[in-house]
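Content type PDB, C-alpha atoms, pLDDT in the B column, from the file input_34.pdb:
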ATOM      1  CA  LEU S   1     120.310  47.765 113.213  1.00 90.00           C
ATOM      2  CA  ASP S   2     116.978  49.368 112.351  1.00 90.00           C
ATOM      3  CA  GLY S   3     117.765  52.279 114.617  1.00 87.00           C
ATOM      4  CA  GLU S   4     121.211  52.786 113.072  1.00 90.00           C
ATOM      5  CA  ARG S   5     119.703  52.708 109.578  1.00 92.00           C
ATOM      6  CA  ASP S   6     117.057  55.280 110.495  1.00 91.00           C
ATOM      7  CA  LEU S   7     119.687  57.511 112.081  1.00 89.00           C
ATOM      8  CA  ALA S   8     121.905  57.347 108.991  1.00 89.00           C
ATOM      9  CA  GLN S   9     118.984  58.285 106.731  1.00 91.00           C
ATOM     10  CA  ALA S  10     117.955  61.143 109.016  1.00 90.00           C
ATOM     11  CA  LEU S  11     121.501  62.556 109.051  1.00 89.00           C
ATOM     12  CA  LEU S  12     121.712  62.370 105.258  1.00 89.00           C
ATOM     13  CA  GLU S  13     118.420  64.235 104.972  1.00 90.00           C
ATOM     14  CA  LEU S  14     119.653  66.846 107.461  1.00 87.00           C
ATOM     15  CA  LYS S  15     122.828  67.382 105.422  1.00 87.00           C
ATOM     16  CA  ARG S  16     120.736  67.835 102.282  1.00 87.00           C
ATOM     17  CA  LEU S  17     118.424  70.367 103.914  1.00 86.00           C
ATOM     18  CA  ILE S  18     121.145  72.571 105.383  1.00 84.00           C
ATOM     19  CA  GLY S  19     123.470  72.227 102.383  1.00 83.00           C
ATOM     20  CA  LEU S  20     126.577  71.068 104.270  1.00 79.00           C
ATOM     21  CA  GLU S  21     128.843  68.130 103.601  1.00 79.00           C
ATOM     22  CA  GLU S  22     129.986  67.465 107.144  1.00 78.00           C
ATOM     23  CA  THR S  23     127.747  65.505 109.454  1.00 74.00           C
ATOM     24  CA  LEU S  24     126.168  67.477 112.272  1.00 75.00           C
ATOM     25  CA  LEU S  25     124.719  65.628 115.212  1.00 77.00           C
ATOM     26  CA  PRO S  26     121.767  67.468 116.796  1.00 74.00           C
ATOM     27  CA  THR S  27     122.068  67.980 120.527  1.00 75.00           C
ATOM     28  CA  GLY S  28     119.570  68.797 123.241  1.00 70.00           C
ATOM     29  CA  ASP S  29     116.661  67.050 124.844  1.00 68.00           C
ATOM     30  CA  LEU S  30     112.899  66.782 124.589  1.00 64.00           C
ATOM     31  CA  GLY S  31     112.276  68.624 127.832  1.00 66.00           C
ATOM     32  CA  VAL S  32     109.473  70.889 126.629  1.00 65.00           C
ATOM     33  CA  THR S  33     107.071  71.606 129.485  1.00 68.00           C
ATOM     34  CA  VAL S  34     105.429  74.923 128.565  1.00 73.00           C
ATOM     35  CA  PRO S  35     104.246  76.232 125.187  1.00 77.00           C
ATOM     36  CA  PRO S  36     106.816  78.463 123.450  1.00 75.00           C
ATOM     37  CA  VAL S  37     104.122  81.078 122.798  1.00 77.00           C
ATOM     38  CA  LYS S  38     101.363  81.978 125.240  1.00 82.00           C
ATOM     39  CA  PRO S  39      98.118  80.411 123.954  1.00 81.00           C
ATOM     40  CA  LYS S  40      96.188  83.681 124.348  1.00 83.00           C
ATOM     41  CA  GLU S  41      98.754  85.525 122.224  1.00 86.00           C
ATOM     42  CA  ILE S  42      99.180  83.035 119.377  1.00 88.00           C
ATOM     43  CA  LEU S  43      96.323  84.232 117.165  1.00 90.00           C
ATOM     44  CA  ASP S  44      97.179  87.916 117.631  1.00 91.00           C
ATOM     45  CA  ARG S  45     100.822  87.236 116.821  1.00 90.00           C
ATOM     46  CA  ALA S  46      99.886  85.172 113.798  1.00 91.00           C
ATOM     47  CA  LEU S  47      97.642  87.893 112.367  1.00 91.00           C
ATOM     48  CA  ALA S  48     100.380  90.476 112.975  1.00 90.00           C
ATOM     49  CA  ASN S  49     103.502  88.542 111.932  1.00 88.00           C
ATOM     50  CA  ARG S  50     102.666  85.826 109.415  1.00 90.00           C
ATOM     51  CA  THR S  51     104.671  86.631 106.290  1.00 90.00           C
ATOM     52  CA  ASP S  52     102.076  85.134 103.943  1.00 91.00           C
ATOM     53  CA  LEU S  53      99.404  87.412 105.383  1.00 92.00           C
ATOM     54  CA  LEU S  54     101.726  90.435 105.307  1.00 92.00           C
ATOM     55  CA  ALA S  55     102.389  89.759 101.622  1.00 93.00           C
ATOM     56  CA  LYS S  56      98.643  89.758 100.889  1.00 93.00           C
ATOM     57  CA  ARG S  57      98.214  93.035 102.769  1.00 93.00           C
ATOM     58  CA  HIS S  58     101.064  94.625 100.836  1.00 93.00           C
ATOM     59  CA  GLU S  59      99.423  93.519  97.597  1.00 91.00           C
ATOM     60  CA  LEU S  60      96.189  95.209  98.670  1.00 92.00           C
ATOM     61  CA  GLU S  61      98.044  98.398  99.592  1.00 92.00           C
ATOM     62  CA  ARG S  62      99.761  98.370  96.219  1.00 90.00           C
ATOM     63  CA  ALA S  63      96.468  97.981  94.365  1.00 88.00           C
ATOM     64  CA  GLU S  64      94.889 100.814  96.358  1.00 89.00           C
ATOM     65  CA  ALA S  65      97.889 103.073  95.693  1.00 89.00           C
ATOM     66  CA  GLU S  66      97.692 102.412  91.956  1.00 86.00           C
ATOM     67  CA  ILE S  67      93.948 103.097  91.938  1.00 83.00           C
ATOM     68  CA  SER S  68      94.542 106.408  93.701  1.00 84.00           C
ATOM     69  CA  LEU S  69      97.238 107.306  91.172  1.00 81.00           C
ATOM     70  CA  ARG S  70      95.044 106.476  88.178  1.00 76.00           C
ATOM     71  CA  LYS S  71      92.199 108.526  89.586  1.00 73.00           C
ATOM     72  CA  ARG S  72      94.464 111.549  89.859  1.00 71.00           C
ATOM     73  CA  GLU S  73      95.569 111.060  86.253  1.00 66.00           C
ATOM     74  CA  VAL S  74      91.944 111.425  85.107  1.00 61.00           C
ATOM     75  CA  PHE S  75      91.942 115.075  86.099  1.00 58.00           C
ATOM     76  CA  PRO S  76      93.961 117.285  83.743  1.00 59.00           C
ATOM     77  CA  ASN S  77      97.088 119.036  84.892  1.00 62.00           C
ATOM     78  CA  PRO S  78      96.856 122.758  84.116  1.00 63.00           C
ATOM     79  CA  THR S  79      99.951 124.485  82.812  1.00 67.00           C
ATOM     80  CA  LEU S  80     100.889 128.153  83.022  1.00 66.00           C
ATOM     81  CA  GLY S  81     102.830 130.068  80.405  1.00 64.00           C
ATOM     82  CA  VAL S  82     103.944 133.563  79.411  1.00 61.00           C
ATOM     83  CA  LEU S  83     102.570 135.166  76.243  1.00 62.00           C
ATOM     84  CA  PHE S  84     104.279 137.929  74.241  1.00 61.00           C
ATOM     85  CA  ASP S  85     102.315 139.681  71.459  1.00 63.00           C
ATOM     86  CA  ARG S  86     102.025 142.977  69.554  1.00 63.00           C
ATOM     87  CA  GLU S  87      98.869 144.918  68.807  1.00 61.00           C
ATOM     88  CA  PHE S  88      98.128 146.210  65.311  1.00 59.00           C
ATOM     89  CA  THR S  89      98.872 149.666  66.655  1.00 62.00           C
ATOM     90  CA  GLY S  90     102.402 148.573  67.325  1.00 60.00           C
ATOM     91  CA  GLU S  91     102.051 148.305  71.087  1.00 66.00           C
ATOM     92  CA  ARG S  92     103.571 145.279  72.777  1.00 66.00           C
ATOM     93  CA  PHE S  93     102.135 143.488  75.732  1.00 60.00           C
ATOM     94  CA  VAL S  94     102.990 140.587  77.973  1.00 61.00           C
ATOM     95  CA  GLY S  95     100.320 138.239  79.233  1.00 63.00           C
ATOM     96  CA  GLY S  96      99.785 134.891  80.871  1.00 62.00           C
ATOM     97  CA  ARG S  97      98.369 131.682  79.473  1.00 66.00           C
ATOM     98  CA  LEU S  98      96.540 128.863  81.253  1.00 62.00           C
ATOM     99  CA  SER S  99      96.250 125.529  79.448  1.00 66.00           C
ATOM    100  CA  ILE S 100      93.925 122.741  80.668  1.00 60.00           C
ATOM    101  CA  PRO S 101      93.797 119.545  78.581  1.00 60.00           C
ATOM    102  CA  LEU S 102      90.415 117.839  78.465  1.00 58.00           C
ATOM    103  CA  PRO S 103      90.709 114.006  78.300  1.00 57.00           C
ATOM    104  CA  ILE S 104      87.281 113.384  76.802  1.00 51.00           C
ATOM    105  CA  PHE S 105      87.884 109.903  75.441  1.00 51.00           C
ATOM    106  CA  ASN S 106      90.828 108.419  77.378  1.00 53.00           C
ATOM    107  CA  ARG S 107      90.150 108.237  81.106  1.00 56.00           C
ATOM    108  CA  ASN S 108      91.891 104.930  81.813  1.00 62.00           C
ATOM    109  CA  GLN S 109      88.564 103.263  82.496  1.00 70.00           C
ATOM    110  CA  GLY S 110      89.773  99.808  81.493  1.00 72.00           C
ATOM    111  CA  GLU S 111      92.866 100.025  83.665  1.00 75.00           C
ATOM    112  CA  GLN S 112      90.873 101.328  86.618  1.00 76.00           C
ATOM    113  CA  GLU S 113      88.430  98.443  86.357  1.00 80.00           C
ATOM    114  CA  SER S 114      91.336  95.991  86.243  1.00 84.00           C
ATOM    115  CA  LEU S 115      92.893  97.554  89.335  1.00 81.00           C
ATOM    116  CA  GLU S 116      89.570  97.508  91.168  1.00 86.00           C
ATOM    117  CA  ALA S 117      89.258  93.806  90.376  1.00 88.00           C
ATOM    118  CA  ARG S 118      92.741  93.286  91.840  1.00 87.00           C
ATOM    119  CA  ARG S 119      91.767  95.148  94.984  1.00 89.00           C
ATOM    120  CA  ILE S 120      88.611  93.047  95.432  1.00 91.00           C
ATOM    121  CA  GLN S 121      90.578  89.859  94.886  1.00 91.00           C
ATOM    122  CA  ALA S 122      93.290  90.926  97.345  1.00 91.00           C
ATOM    123  CA  ARG S 123      90.699  91.654 100.028  1.00 92.00           C
ATOM    124  CA  ALA S 124      89.027  88.288  99.447  1.00 94.00           C
ATOM    125  CA  GLU S 125      92.382  86.500  99.688  1.00 93.00           C
ATOM    126  CA  ILE S 126      93.169  88.279 102.959  1.00 94.00           C
ATOM    127  CA  VAL S 127      89.846  87.232 104.474  1.00 94.00           C
ATOM    128  CA  ALA S 128      90.346  83.638 103.318  1.00 95.00           C
ATOM    129  CA  LEU S 129      93.904  83.512 104.636  1.00 94.00           C
ATOM    130  CA  GLU S 130      92.887  84.937 108.016  1.00 94.00           C
ATOM    131  CA  LYS S 131      90.290  82.172 108.326  1.00 95.00           C
ATOM    132  CA  GLU S 132      92.908  79.579 107.419  1.00 94.00           C
ATOM    133  CA  ILE S 133      95.333  81.011 109.990  1.00 94.00           C
ATOM    134  CA  ARG S 134      92.661  80.814 112.705  1.00 94.00           C
ATOM    135  CA  LYS S 135      92.084  77.188 111.745  1.00 94.00           C
ATOM    136  CA  GLU S 136      95.812  76.422 111.858  1.00 94.00           C
ATOM    137  CA  VAL S 137      96.146  78.081 115.265  1.00 93.00           C
ATOM    138  CA  ASP S 138      93.237  76.049 116.667  1.00 93.00           C
ATOM    139  CA  GLN S 139      94.721  72.833 115.306  1.00 94.00           C
ATOM    140  CA  ALA S 140      98.190  73.629 116.671  1.00 92.00           C
ATOM    141  CA  LEU S 141      96.785  74.413 120.110  1.00 91.00           C
ATOM    142  CA  SER S 142      94.757  71.179 120.078  1.00 92.00           C
ATOM    143  CA  GLN S 143      97.869  69.220 119.082  1.00 92.00           C
ATOM    144  CA  TRP S 144      99.830  70.792 121.927  1.00 90.00           C
ATOM    145  CA  GLU S 145      97.132  70.218 124.536  1.00 90.00           C
ATOM    146  CA  THR S 146      96.700  66.569 123.529  1.00 91.00           C
ATOM    147  CA  ALA S 147     100.434  65.849 123.671  1.00 89.00           C
ATOM    148  CA  HIS S 148     100.814  67.710 126.961  1.00 88.00           C
ATOM    149  CA  LYS S 149      97.979  65.732 128.589  1.00 88.00           C
ATOM    150  CA  SER S 150      99.587  62.496 127.407  1.00 87.00           C
ATOM    151  CA  ILE S 151     102.919  63.518 128.895  1.00 85.00           C
ATOM    152  CA  ASP S 152     101.264  64.321 132.221  1.00 85.00           C
ATOM    153  CA  PHE S 153      99.544  60.934 132.239  1.00 85.00           C
ATOM    154  CA  PHE S 154     102.728  59.005 131.484  1.00 84.00           C
ATOM    155  CA  GLN S 155     104.747  60.887 134.060  1.00 79.00           C
ATOM    156  CA  ARG S 156     102.048  60.441 136.693  1.00 80.00           C
ATOM    157  CA  GLU S 157     100.854  56.901 136.015  1.00 78.00           C
ATOM    158  CA  VAL S 158     103.304  54.966 133.854  1.00 79.00           C
ATOM    159  CA  ILE S 159     106.969  55.900 134.079  1.00 75.00           C
ATOM    160  CA  GLY S 160     107.471  55.406 137.796  1.00 74.00           C
ATOM    161  CA  GLN S 161     105.578  52.131 137.751  1.00 79.00           C
ATOM    162  CA  THR S 162     107.539  50.914 134.741  1.00 78.00           C
ATOM    163  CA  GLU S 163     110.884  51.510 136.444  1.00 77.00           C
ATOM    164  CA  GLU S 164     109.648  49.722 139.550  1.00 81.00           C
ATOM    165  CA  ASN S 165     108.458  46.764 137.455  1.00 81.00           C
ATOM    166  CA  PHE S 166     111.884  46.485 135.845  1.00 79.00           C
ATOM    167  CA  ARG S 167     113.483  46.154 139.259  1.00 82.00           C
ATOM    168  CA  LEU S 168     110.910  43.579 140.398  1.00 84.00           C
ATOM    169  CA  LEU S 169     111.403  41.495 137.254  1.00 83.00           C
ATOM    170  CA  GLU S 170     115.158  41.452 137.606  1.00 83.00           C
ATOM    171  CA  ALA S 171     114.868  40.474 141.270  1.00 85.00           C
ATOM    172  CA  ALA S 172     112.385  37.705 140.431  1.00 84.00           C
ATOM    173  CA  TYR S 173     114.672  36.329 137.727  1.00 82.00           C
ATOM    174  CA  ARG S 174     117.708  36.328 140.016  1.00 85.00           C
ATOM    175  CA  GLU S 175     115.664  34.445 142.609  1.00 84.00           C
ATOM    176  CA  ARG S 176     114.593  31.980 139.867  1.00 83.00           C
ATOM    177  CA  ARG S 177     110.910  32.726 140.351  1.00 83.00           C
ATOM    178  CA  ILE S 178     110.525  33.320 136.604  1.00 81.00           C
ATOM    179  CA  ASP S 179     112.415  31.827 133.693  1.00 85.00           C
ATOM    180  CA  LEU S 180     114.262  33.721 130.958  1.00 82.00           C
ATOM    181  CA  PRO S 181     111.576  33.531 128.226  1.00 83.00           C
ATOM    182  CA  ARG S 182     108.954  34.976 130.557  1.00 82.00           C
ATOM    183  CA  LEU S 183     111.399  37.656 131.704  1.00 79.00           C
ATOM    184  CA  LEU S 184     112.057  38.718 128.102  1.00 84.00           C
ATOM    185  CA  ILE S 185     108.350  38.901 127.254  1.00 81.00           C
ATOM    186  CA  MET S 186     107.559  41.047 130.285  1.00 81.00           C
ATOM    187  CA  GLU S 187     110.580  43.291 129.727  1.00 81.00           C
ATOM    188  CA  ASN S 188     109.510  43.827 126.105  1.00 83.00           C
ATOM    189  CA  ASP S 189     106.184  45.164 127.365  1.00 80.00           C
ATOM    190  CA  LEU S 190     107.979  47.591 129.653  1.00 81.00           C
ATOM    191  CA  ILE S 191     110.332  48.659 126.885  1.00 83.00           C
ATOM    192  CA  ALA S 192     107.320  49.294 124.642  1.00 85.00           C
ATOM    193  CA  ALA S 193     105.861  51.550 127.333  1.00 82.00           C
ATOM    194  CA  ASN S 194     109.097  53.543 127.490  1.00 81.00           C
ATOM    195  CA  GLN S 195     109.135  53.765 123.705  1.00 86.00           C
ATOM    196  CA  SER S 196     105.585  55.149 123.738  1.00 86.00           C
ATOM    197  CA  TYR S 197     106.640  57.754 126.267  1.00 84.00           C
ATOM    198  CA  LEU S 198     109.552  58.807 124.045  1.00 85.00           C
ATOM    199  CA  GLU S 199     107.210  59.108 121.052  1.00 88.00           C
ATOM    200  CA  ILE S 200     104.835  61.299 123.041  1.00 87.00           C
ATOM    201  CA  ARG S 201     107.703  63.565 124.128  1.00 87.00           C
ATOM    202  CA  HIS S 202     108.654  63.824 120.479  1.00 87.00           C
ATOM    203  CA  SER S 203     105.049  64.697 119.614  1.00 89.00           C
ATOM    204  CA  LEU S 204     105.098  67.438 122.240  1.00 89.00           C
ATOM    205  CA  GLN S 205     108.295  68.857 120.731  1.00 87.00           C
ATOM    206  CA  GLU S 206     106.685  68.836 117.281  1.00 89.00           C
ATOM    207  CA  ALA S 207     103.620  70.574 118.715  1.00 90.00           C
ATOM    208  CA  ALA S 208     105.838  73.301 120.179  1.00 87.00           C
ATOM    209  CA  ILE S 209     107.507  73.820 116.803  1.00 87.00           C
ATOM    210  CA  ARG S 210     104.096  73.984 115.132  1.00 90.00           C
ATOM    211  CA  LEU S 211     102.953  76.668 117.579  1.00 89.00           C
ATOM    212  CA  GLU S 212     105.967  78.784 116.650  1.00 88.00           C
ATOM    213  CA  GLU S 213     105.327  78.172 112.978  1.00 89.00           C
ATOM    214  CA  VAL S 214     101.653  79.165 112.934  1.00 90.00           C
ATOM    215  CA  SER S 215     102.307  82.215 115.122  1.00 88.00           C
ATOM    216  CA  GLY S 216     104.842  83.564 112.646  1.00 85.00           C
ATOM    217  CA  VAL S 217     107.378  84.219 115.397  1.00 71.00           C
ATOM    218  CA  LEU S 218     110.801  82.630 114.984  1.00 64.00           C
ATOM    219  CA  PRO S 219     112.290  81.030 118.091  1.00 54.00           C
ATOM    220  CA  LYS S 220     115.301  82.726 119.666  1.00 54.00           C
ATOM    221  CA  PRO S 221     118.617  81.103 118.704  1.00 47.00           C
TER     222      PRO S 221
END

As structure tokens, what does this structure read like?
Amino acid sequence: LDGERDLAQALLELKRLIGLEETLLPTGDLGVTVPPVKPKEILDRALANRTDLLAKRHELERAEAEISLRKREVFPNPTLGVLFDREFTGERFVGGRLSIPLPIFNRNQGEQESLEARRIQARAEIVALEKEIRKEVDQALSQWETAHKSIDFFQREVIGQTEENFRLLEAAYRERRIDLPRLLIMENDLIAANQSYLEIRHSLQEAAIRLEEVSGVLPKP
């Protein structure tokens, strides 16, 4: 009953997350054996593909582009023109005119200082985020390695022995060497071991998803 209640709640939450009314039952298994991303490549991929880091870099590029634009606006733009005039002797002449405005008072100093502050802040945020990404990658790798070692231990030391113990218990009960209460107690211990193994496989699956998440690379459909 507890399991059915948990399943019903999980399916309701899944429907809410994906925005569909019909119930979808997930399929597949927990057969993860290798990391979805090569451990040596995770950090490089994260620094190249993480959307949060890319957004910070774009913000820095934008600030630098605006600073460059404002600096160009400080220098005046000369304009050329044609001049027609007449001398007092009555002669006409055509000449050229060069106009260069001199922005003595307004050089956008306040705006430039504001943009420079944005650039400094953007650089600081990039450095901080890169440190956080390195930390997340280390934690995800540690989570994966711990779960993978636990899986290896269970597969090597526990699962085979548990299945053999189930068979021995059933044989002992049929031969009346143990009574029913003792059989149930011992079987509960074996069931608990299998449940622990299932939880560890689930932890390994979560670790694989976390590796994909921190690397910024979406899994193939």

| said: As a check of understanding, name the residues that the PyMOL selection byres ((chain S and resi 154) around 12) selects in the supplied structure, as a list of chain:residue names. | reply: S:Ala147, S:His148, S:Lys149, S:Ser150, S:Ile151, S:Asp152, S:Phe153, S:Gln155, S:Arg156, S:Glu157, S:Val158, S:Ile159, S:Gly160, S:Gln161, S:Thr162, S:Ala193, S:Asn194, S:Gln195, S:Ser196, S:Tyr197, S:Leu198, S:Glu199, S:Ile200, S:Arg201

Which residues of stretch 116-221 of chain S sit at most 6 Å from stretch 42-60 of chain S, using all atoms listed in the file? Give each one's shortest atom pair and distance in Å (one decimal place), in chain and ascending residue order, as a Markdown table.
| residue | atom | partner | partner_atom | distance |
| --- | --- | --- | --- | --- |
| S:Arg119 | CA | S:Leu60 | CA | 5.8 |
| S:Ala122 | CA | S:Leu60 | CA | 5.3 |
| S:Ser215 | CA | S:Ala46 | CA | 4.0 |
| S:Gly216 | CA | S:Arg50 | CA | 4.5 |

| request: Using all atoms listed in the file, pick whichever of S:Ile209, S:Leu7, S:Leu141, S:Leu115 has the shortest atom-to-atom distance to S:Lys40. | output: S:Leu141

| said: Need to verify the contact set: S:Gln205, 12 Å, all atoms listed in the file, exclusion of same-chain residues closer than 2 positions in sequence. Can you return it as a PyMOL selection string? | reply: chain S and resi 28-36+140+143-145+147-148+151+198-203+207-212

| field | Point-to-point distance in Å for atom CA of S:Lys38 and atom CA of S:Asp138 | value | 13.2 Å

Mind rebuilding stretch 153-163 of chain S with all heavy atoms and writing that out as a PDB file, keeping the file's coordinate frame?
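Final output, saved to rebuild-v9.pdb:
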ATOM      1  N   PHE S 153     100.029  62.264 131.855  1.00 85.00           N
ATOM      2  CA  PHE S 153      99.544  60.934 132.239  1.00 85.00           C
ATOM      3  C   PHE S 153     100.701  59.952 132.385  1.00 85.00           C
ATOM      4  O   PHE S 153     100.784  59.199 133.376  1.00 85.00           O
ATOM      5  CB  PHE S 153      98.547  60.424 131.201  1.00 85.00           C
ATOM      6  CG  PHE S 153      98.165  58.988 131.395  1.00 85.00           C
ATOM      7  CD1 PHE S 153      97.260  58.624 132.390  1.00 85.00           C
ATOM      8  CD2 PHE S 153      98.726  57.991 130.609  1.00 85.00           C
ATOM      9  CE1 PHE S 153      96.918  57.295 132.585  1.00 85.00           C
ATOM     10  CE2 PHE S 153      98.387  56.661 130.803  1.00 85.00           C
ATOM     11  CZ  PHE S 153      97.480  56.310 131.787  1.00 85.00           C
ATOM     12  N   PHE S 154     101.611  59.936 131.417  1.00 84.00           N
ATOM     13  CA  PHE S 154     102.728  59.005 131.484  1.00 84.00           C
ATOM     14  C   PHE S 154     103.613  59.283 132.692  1.00 84.00           C
ATOM     15  O   PHE S 154     104.035  58.353 133.388  1.00 84.00           O
ATOM     16  CB  PHE S 154     103.553  59.097 130.193  1.00 84.00           C
ATOM     17  CG  PHE S 154     103.191  58.041 129.190  1.00 84.00           C
ATOM     18  CD1 PHE S 154     102.100  58.223 128.349  1.00 84.00           C
ATOM     19  CD2 PHE S 154     103.921  56.876 129.082  1.00 84.00           C
ATOM     20  CE1 PHE S 154     101.754  57.261 127.415  1.00 84.00           C
ATOM     21  CE2 PHE S 154     103.584  55.897 128.156  1.00 84.00           C
ATOM     22  CZ  PHE S 154     102.499  56.090 127.314  1.00 84.00           C
ATOM     23  N   GLN S 155     103.886  60.557 132.929  1.00 79.00           N
ATOM     24  CA  GLN S 155     104.747  60.887 134.060  1.00 79.00           C
ATOM     25  C   GLN S 155     104.079  60.544 135.387  1.00 79.00           C
ATOM     26  O   GLN S 155     104.748  60.167 136.349  1.00 79.00           O
ATOM     27  CB  GLN S 155     105.109  62.367 134.018  1.00 79.00           C
ATOM     28  CG  GLN S 155     106.045  62.733 132.868  1.00 79.00           C
ATOM     29  CD  GLN S 155     106.319  64.219 132.786  1.00 79.00           C
ATOM     30  OE1 GLN S 155     105.544  65.038 133.291  1.00 79.00           O
ATOM     31  NE2 GLN S 155     107.423  64.587 132.151  1.00 79.00           N
ATOM     32  N   ARG S 156     102.761  60.667 135.441  1.00 80.00           N
ATOM     33  CA  ARG S 156     102.048  60.441 136.693  1.00 80.00           C
ATOM     34  C   ARG S 156     101.735  58.965 136.928  1.00 80.00           C
ATOM     35  O   ARG S 156     101.801  58.476 138.066  1.00 80.00           O
ATOM     36  CB  ARG S 156     100.758  61.259 136.682  1.00 80.00           C
ATOM     37  CG  ARG S 156      99.967  61.202 137.987  1.00 80.00           C
ATOM     38  CD  ARG S 156      98.760  62.102 137.933  1.00 80.00           C
ATOM     39  NE  ARG S 156      97.810  61.684 136.899  1.00 80.00           N
ATOM     40  CZ  ARG S 156      97.620  62.305 135.739  1.00 80.00           C
ATOM     41  NH1 ARG S 156      98.326  63.390 135.439  1.00 80.00           N
ATOM     42  NH2 ARG S 156      96.742  61.863 134.863  1.00 80.00           N
ATOM     43  N   GLU S 157     101.400  58.243 135.851  1.00 78.00           N
ATOM     44  CA  GLU S 157     100.854  56.901 136.015  1.00 78.00           C
ATOM     45  C   GLU S 157     101.744  55.781 135.493  1.00 78.00           C
ATOM     46  O   GLU S 157     101.586  54.633 135.918  1.00 78.00           O
ATOM     47  CB  GLU S 157      99.495  56.812 135.297  1.00 78.00           C
ATOM     48  CG  GLU S 157      98.478  57.831 135.760  1.00 78.00           C
ATOM     49  CD  GLU S 157      97.968  57.564 137.165  1.00 78.00           C
ATOM     50  OE1 GLU S 157      98.167  56.426 137.654  1.00 78.00           O
ATOM     51  OE2 GLU S 157      97.374  58.468 137.774  1.00 78.00           O
ATOM     52  N   VAL S 158     102.641  56.057 134.570  1.00 79.00           N
ATOM     53  CA  VAL S 158     103.304  54.966 133.854  1.00 79.00           C
ATOM     54  C   VAL S 158     104.789  54.864 134.172  1.00 79.00           C
ATOM     55  O   VAL S 158     105.272  53.785 134.526  1.00 79.00           O
ATOM     56  CB  VAL S 158     103.097  55.130 132.324  1.00 79.00           C
ATOM     57  CG1 VAL S 158     103.844  54.022 131.571  1.00 79.00           C
ATOM     58  CG2 VAL S 158     101.616  55.110 131.987  1.00 79.00           C
ATOM     59  N   ILE S 159     105.519  55.984 134.043  1.00 75.00           N
ATOM     60  CA  ILE S 159     106.969  55.900 134.079  1.00 75.00           C
ATOM     61  C   ILE S 159     107.488  55.354 135.403  1.00 75.00           C
ATOM     62  O   ILE S 159     108.318  54.438 135.447  1.00 75.00           O
ATOM     63  CB  ILE S 159     107.588  57.280 133.793  1.00 75.00           C
ATOM     64  CG1 ILE S 159     107.223  57.719 132.372  1.00 75.00           C
ATOM     65  CG2 ILE S 159     109.104  57.229 133.942  1.00 75.00           C
ATOM     66  CD1 ILE S 159     107.642  56.748 131.308  1.00 75.00           C
ATOM     67  N   GLY S 160     107.013  55.897 136.495  1.00 74.00           N
ATOM     68  CA  GLY S 160     107.471  55.406 137.796  1.00 74.00           C
ATOM     69  C   GLY S 160     107.157  53.940 137.998  1.00 74.00           C
ATOM     70  O   GLY S 160     107.997  53.168 138.485  1.00 74.00           O
ATOM     71  N   GLN S 161     105.963  53.528 137.603  1.00 79.00           N
ATOM     72  CA  GLN S 161     105.578  52.131 137.751  1.00 79.00           C
ATOM     73  C   GLN S 161     106.409  51.227 136.848  1.00 79.00           C
ATOM     74  O   GLN S 161     106.767  50.109 137.213  1.00 79.00           O
ATOM     75  CB  GLN S 161     104.092  51.959 137.423  1.00 79.00           C
ATOM     76  CG  GLN S 161     103.536  50.575 137.726  1.00 79.00           C
ATOM     77  CD  GLN S 161     103.619  50.247 139.209  1.00 79.00           C
ATOM     78  OE1 GLN S 161     103.314  51.085 140.049  1.00 79.00           O
ATOM     79  NE2 GLN S 161     104.048  49.036 139.518  1.00 79.00           N
ATOM     80  N   THR S 162     106.730  51.711 135.668  1.00 78.00           N
ATOM     81  CA  THR S 162     107.539  50.914 134.741  1.00 78.00           C
ATOM     82  C   THR S 162     108.921  50.660 135.314  1.00 78.00           C
ATOM     83  O   THR S 162     109.433  49.527 135.263  1.00 78.00           O
ATOM     84  CB  THR S 162     107.651  51.644 133.384  1.00 78.00           C
ATOM     85  OG1 THR S 162     106.347  51.803 132.828  1.00 78.00           O
ATOM     86  CG2 THR S 162     108.510  50.849 132.411  1.00 78.00           C
ATOM     87  N   GLU S 163     109.555  51.686 135.854  1.00 77.00           N
ATOM     88  CA  GLU S 163     110.884  51.510 136.444  1.00 77.00           C
ATOM     89  C   GLU S 163     110.839  50.550 137.625  1.00 77.00           C
ATOM     90  O   GLU S 163     111.750  49.722 137.814  1.00 77.00           O
ATOM     91  CB  GLU S 163     111.435  52.868 136.865  1.00 77.00           C
ATOM     92  CG  GLU S 163     111.710  53.801 135.681  1.00 77.00           C
ATOM     93  CD  GLU S 163     112.133  55.180 136.132  1.00 77.00           C
ATOM     94  OE1 GLU S 163     112.066  55.438 137.356  1.00 77.00           O
ATOM     95  OE2 GLU S 163     112.514  55.999 135.268  1.00 77.00           O
TER      96      GLU S 163
END
